[in-house]
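S.K.: Take this structure first; my questions come after.
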Amino acid sequence: MQILLDIVSWVLLLAGSAFALIGAVGLIRFPDVYARMHASGITDTLGAGLILAGMMIQGGFTLVTAKLILILIFLLFTSPTSTYALANAAYSRGLQPLLGGPEPDPAALEAADPASAIPGQAESGSVGSVSGEDKSS
Amino acid sequence: MVQRHFILRVTTKLLMPFILLFALYVQFHGDFGPGGGFQAGVIFGAGFVLYALIYGVEAAEKVAPPGVIRVIMTLGLLLFVGVGYFGLFLGGAFLDYNVLAHDPVHGQHLGITLVELGVGITVAATMITIFLSFAGRNRT
């Protein structure tokens with residue numbers, strides 16, 4: 001029984017570590033802020049969740065497990081909030097997401113949705129056009 | 001004023017009591033586990049800093065008026081030094097906990113708790129004061 005619990009908890013711990021590693025690789029390799037936040041999300045949810053689950057199995061029905069559950073709840077509350085704050089700050093300062101398709105015309109975008117006319121649009125448009133050239137070459 | 005950052009406001013309101021409770025846990029559990037006055041004071045101050053970041057400096061100053069915080073800051077230091085001199089008056093050395101109670105073990109316990117409380121109060125009040133004075137610098 002103890003060996004079975006050890007095996008399960010170690011599988012969870014290793015899987016969580018693997019997800020954290022994948023998230024870290026994505027954080028370095030992905031091209032822009034939004035894609036990097038997408039990659040780091042996996043460390044917050046699956047990585048931390050699986051590692052905490054593995055540690056809970058090691059802990060058994062003790063005070064340690066209760067504290068780990070509290071940590072998990074706090075992570076589930078705070079990590080989406082911090083991701084939201086980061087994405088909101090990036091977007092409201094005019095950083096447009098890198099899109100794979102053909103570059104949309106900024107004038108047409110502005111005409112379709114006047115509310116999206118935010119300061120910094122000109123710089124982000126130029127960043128987008130650079131990436132478009134990369135794709136065509 | 002338009003209610004901006006609705007998610008941040010709700011989450012802050014939800015987490016604020018637990019942040020302060022965790023600070024008190026770190027403060028008073030410091031005798032038995034990791035923790036202590038400095039760490040607890042930093043967590044307590046960081047709670048107020050978070051509140052000021054989300055709800056604005058005016059709201060934070062309503063909760064923690066600068067004059068009151070400065071008085072609390074000095075009271076924490078006074079508690080620390082007071083415990084030290086109290087041991088001196090009871091016949092021990094400065095910050096000698098053994099003479100505070102009828103036997104040395106209880107004296108040590110009481111002394112370290114009071115001294116850490118003084119450190120925690122001072123650190124928390126200093127953190128709040130530093131943040132509020134820097135954040136409120138550009139106001140007229």
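Just remember, in the structure tokens the first chain shown is A, the second B, etc., residues are 1-based per chain, and ligands are 1-based in the order shown.
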Considering only C-alpha atoms, give me a table of residues in chain A that are at most 12 Å from chain B, with the closest atom pair and distance in Å for each, as a tab-separated table.
M.R.:
```
residue	atom	partner	partner_atom	distance
A:Lys67	CA	B:Phe22	CA	11.7
A:Leu70	CA	B:Phe18	CA	10.6
A:Ile71	CA	B:Phe18	CA	11.7
A:Ile73	CA	B:Leu15	CA	10.9
A:Phe74	CA	B:Leu15	CA	8.4
A:Leu75	CA	B:Leu15	CA	11.3
A:Leu76	CA	B:Thr11	CA	11.2
A:Phe77	CA	B:Thr11	CA	7.4
A:Thr78	CA	B:Thr11	CA	7.6
A:Ser79	CA	B:Thr11	CA	10.7
A:Pro80	CA	B:Ile7	CA	9.6
A:Thr81	CA	B:Leu8	CA	6.5
A:Ser82	CA	B:Leu8	CA	8.4
A:Thr83	CA	B:Leu8	CA	10.6
A:Tyr84	CA	B:Ile7	CA	8.1
A:Ala85	CA	B:Leu8	CA	7.4
A:Leu86	CA	B:Leu8	CA	11.2
A:Ala87	CA	B:His5	CA	11.9
A:Asn88	CA	B:His5	CA	8.9
A:Ala89	CA	B:His5	CA	10.4
A:Ser92	CA	B:His5	CA	11.7
```
S.K.: Name the residues of stretch 13-132 of chain B that come out as helix (DSSP H, G or I) in a backbone DSSP run; write them as a PyMOL selection string.
M.R.: chain B and resi 13-28+37-55+57-63+66-89+97-99+104-132
S.K.: Please, could you write that set of residues out with C-alpha atoms as an mmCIF file, in the first residue's frame?
M.R.:
```
data_model
loop_
_atom_site.group_PDB
_atom_site.id
_atom_site.type_symbol
_atom_site.label_atom_id
_atom_site.label_comp_id
_atom_site.auth_asym_id
_atom_site.auth_seq_id
_atom_site.Cartn_x
_atom_site.Cartn_y
_atom_site.Cartn_z
ATOM 1 C CA LYS B 13 -11.137 42.178 -1.354
ATOM 2 C CA LEU B 14 -11.328 38.392 -1.176
ATOM 3 C CA LEU B 15 -7.682 37.807 -0.267
ATOM 4 C CA MET B 16 -7.037 40.777 2.023
ATOM 5 C CA PRO B 17 -8.236 39.194 5.325
ATOM 6 C CA PHE B 18 -6.244 36.035 4.594
ATOM 7 C CA ILE B 19 -3.085 38.020 3.876
ATOM 8 C CA LEU B 20 -3.389 39.831 7.211
ATOM 9 C CA LEU B 21 -4.272 36.566 8.991
ATOM 10 C CA PHE B 22 -1.236 34.878 7.457
ATOM 11 C CA ALA B 23 0.924 37.759 8.652
ATOM 12 C CA LEU B 24 -0.356 37.227 12.199
ATOM 13 C CA TYR B 25 0.239 33.468 11.849
ATOM 14 C CA VAL B 26 3.841 34.078 10.801
ATOM 15 C CA GLN B 27 4.187 36.520 13.695
ATOM 16 C CA PHE B 28 2.953 34.297 16.492
ATOM 17 C CA GLY B 37 8.592 39.642 13.485
ATOM 18 C CA PHE B 38 10.356 40.984 10.409
ATOM 19 C CA GLN B 39 8.716 38.594 7.955
ATOM 20 C CA ALA B 40 5.290 39.103 9.509
ATOM 21 C CA GLY B 41 5.698 42.865 9.366
ATOM 22 C CA VAL B 42 6.657 42.701 5.706
ATOM 23 C CA ILE B 43 3.618 40.556 4.859
ATOM 24 C CA PHE B 44 1.333 42.851 6.856
ATOM 25 C CA GLY B 45 2.775 45.924 5.146
ATOM 26 C CA ALA B 46 2.530 44.256 1.735
ATOM 27 C CA GLY B 47 -1.184 43.710 2.343
ATOM 28 C CA PHE B 48 -1.634 47.446 2.812
ATOM 29 C CA VAL B 49 0.557 48.169 -0.227
ATOM 30 C CA LEU B 50 -1.666 45.896 -2.325
ATOM 31 C CA TYR B 51 -4.744 47.683 -1.005
ATOM 32 C CA ALA B 52 -3.251 51.068 -1.862
ATOM 33 C CA LEU B 53 -2.276 49.879 -5.356
ATOM 34 C CA ILE B 54 -5.779 48.643 -6.178
ATOM 35 C CA TYR B 55 -8.036 51.097 -4.349
ATOM 36 C CA VAL B 57 -3.703 56.040 -1.937
ATOM 37 C CA GLU B 58 -6.623 58.062 -0.536
ATOM 38 C CA ALA B 59 -8.544 54.922 0.436
ATOM 39 C CA ALA B 60 -5.430 53.418 2.008
ATOM 40 C CA GLU B 61 -4.796 56.592 3.984
ATOM 41 C CA LYS B 62 -8.373 56.402 5.243
ATOM 42 C CA VAL B 63 -7.636 52.919 6.623
ATOM 43 C CA PRO B 66 -0.170 58.580 8.308
ATOM 44 C CA GLY B 67 -0.156 60.231 11.728
ATOM 45 C CA VAL B 68 -1.557 57.141 13.450
ATOM 46 C CA ILE B 69 0.863 54.863 11.559
ATOM 47 C CA ARG B 70 3.806 56.985 12.700
ATOM 48 C CA VAL B 71 2.657 56.739 16.308
ATOM 49 C CA ILE B 72 2.280 52.944 15.951
ATOM 50 C CA MET B 73 5.757 52.765 14.405
ATOM 51 C CA THR B 74 7.319 54.443 17.411
ATOM 52 C CA LEU B 75 5.222 52.335 19.794
ATOM 53 C CA GLY B 76 6.681 49.166 18.276
ATOM 54 C CA LEU B 77 10.221 50.415 18.841
ATOM 55 C CA LEU B 78 9.214 51.509 22.345
ATOM 56 C CA LEU B 79 7.936 47.977 23.063
ATOM 57 C CA PHE B 80 11.257 46.477 21.947
ATOM 58 C CA VAL B 81 13.376 48.857 23.983
ATOM 59 C CA GLY B 82 10.915 48.713 26.877
ATOM 60 C CA VAL B 83 11.281 44.940 27.171
ATOM 61 C CA GLY B 84 15.042 45.380 27.115
ATOM 62 C CA TYR B 85 15.055 47.981 29.896
ATOM 63 C CA PHE B 86 12.405 46.096 31.889
ATOM 64 C CA GLY B 87 14.866 43.207 32.173
ATOM 65 C CA LEU B 88 17.487 45.714 33.264
ATOM 66 C CA PHE B 89 15.236 47.068 36.013
ATOM 67 C CA TYR B 97 14.472 37.477 29.213
ATOM 68 C CA ASN B 98 15.188 35.102 32.068
ATOM 69 C CA VAL B 99 14.099 37.550 34.768
ATOM 70 C CA PRO B 104 13.546 31.329 32.960
ATOM 71 C CA VAL B 105 11.633 29.250 30.371
ATOM 72 C CA HIS B 106 8.456 31.313 30.706
ATOM 73 C CA GLY B 107 10.556 34.454 30.799
ATOM 74 C CA GLN B 108 12.274 33.533 27.531
ATOM 75 C CA HIS B 109 8.912 32.776 25.924
ATOM 76 C CA LEU B 110 7.308 36.013 27.049
ATOM 77 C CA GLY B 111 10.345 38.107 26.173
ATOM 78 C CA ILE B 112 10.855 36.766 22.666
ATOM 79 C CA THR B 113 7.127 37.074 21.889
ATOM 80 C CA LEU B 114 7.012 40.714 23.003
ATOM 81 C CA VAL B 115 10.249 41.643 21.229
ATOM 82 C CA GLU B 116 9.121 40.007 17.985
ATOM 83 C CA LEU B 117 5.775 41.793 18.304
ATOM 84 C CA GLY B 118 7.624 45.084 18.596
ATOM 85 C CA VAL B 119 9.731 44.261 15.532
ATOM 86 C CA GLY B 120 6.642 43.239 13.554
ATOM 87 C CA ILE B 121 4.689 46.395 14.427
ATOM 88 C CA THR B 122 7.635 48.626 13.551
ATOM 89 C CA VAL B 123 8.412 46.906 10.258
ATOM 90 C CA ALA B 124 4.772 46.898 9.106
ATOM 91 C CA ALA B 125 4.269 50.559 10.010
ATOM 92 C CA THR B 126 7.557 51.552 8.360
ATOM 93 C CA MET B 127 6.665 49.688 5.143
ATOM 94 C CA ILE B 128 3.256 51.391 5.009
ATOM 95 C CA THR B 129 4.753 54.808 5.723
ATOM 96 C CA ILE B 130 7.482 54.470 3.079
ATOM 97 C CA PHE B 131 5.030 53.304 0.427
ATOM 98 C CA LEU B 132 2.369 55.896 1.187
#
```
S.K.: Write out as an MDAnalysis selection string which residues come within 10 Å of A:Ile7 when counting only C-alpha atoms, dropping same-chain ones fewer than 6 positions away.
M.R.: chainID A and resid 1 13 54
S.K.: Atoms to include: C-alpha atoms. Write the selected residues as a compact mmCIF listing (two decimals), in the first residue's frame.
M.R.:
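Written out: result-v4.txt:
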```txt
# COMPACT_ATOMS: atom_id res chain seq x y z
CA MET A 1 0.00 0.00 0.00
CA LEU A 13 5.56 14.93 -8.90
CA GLY A 54 1.90 14.53 -5.24
```
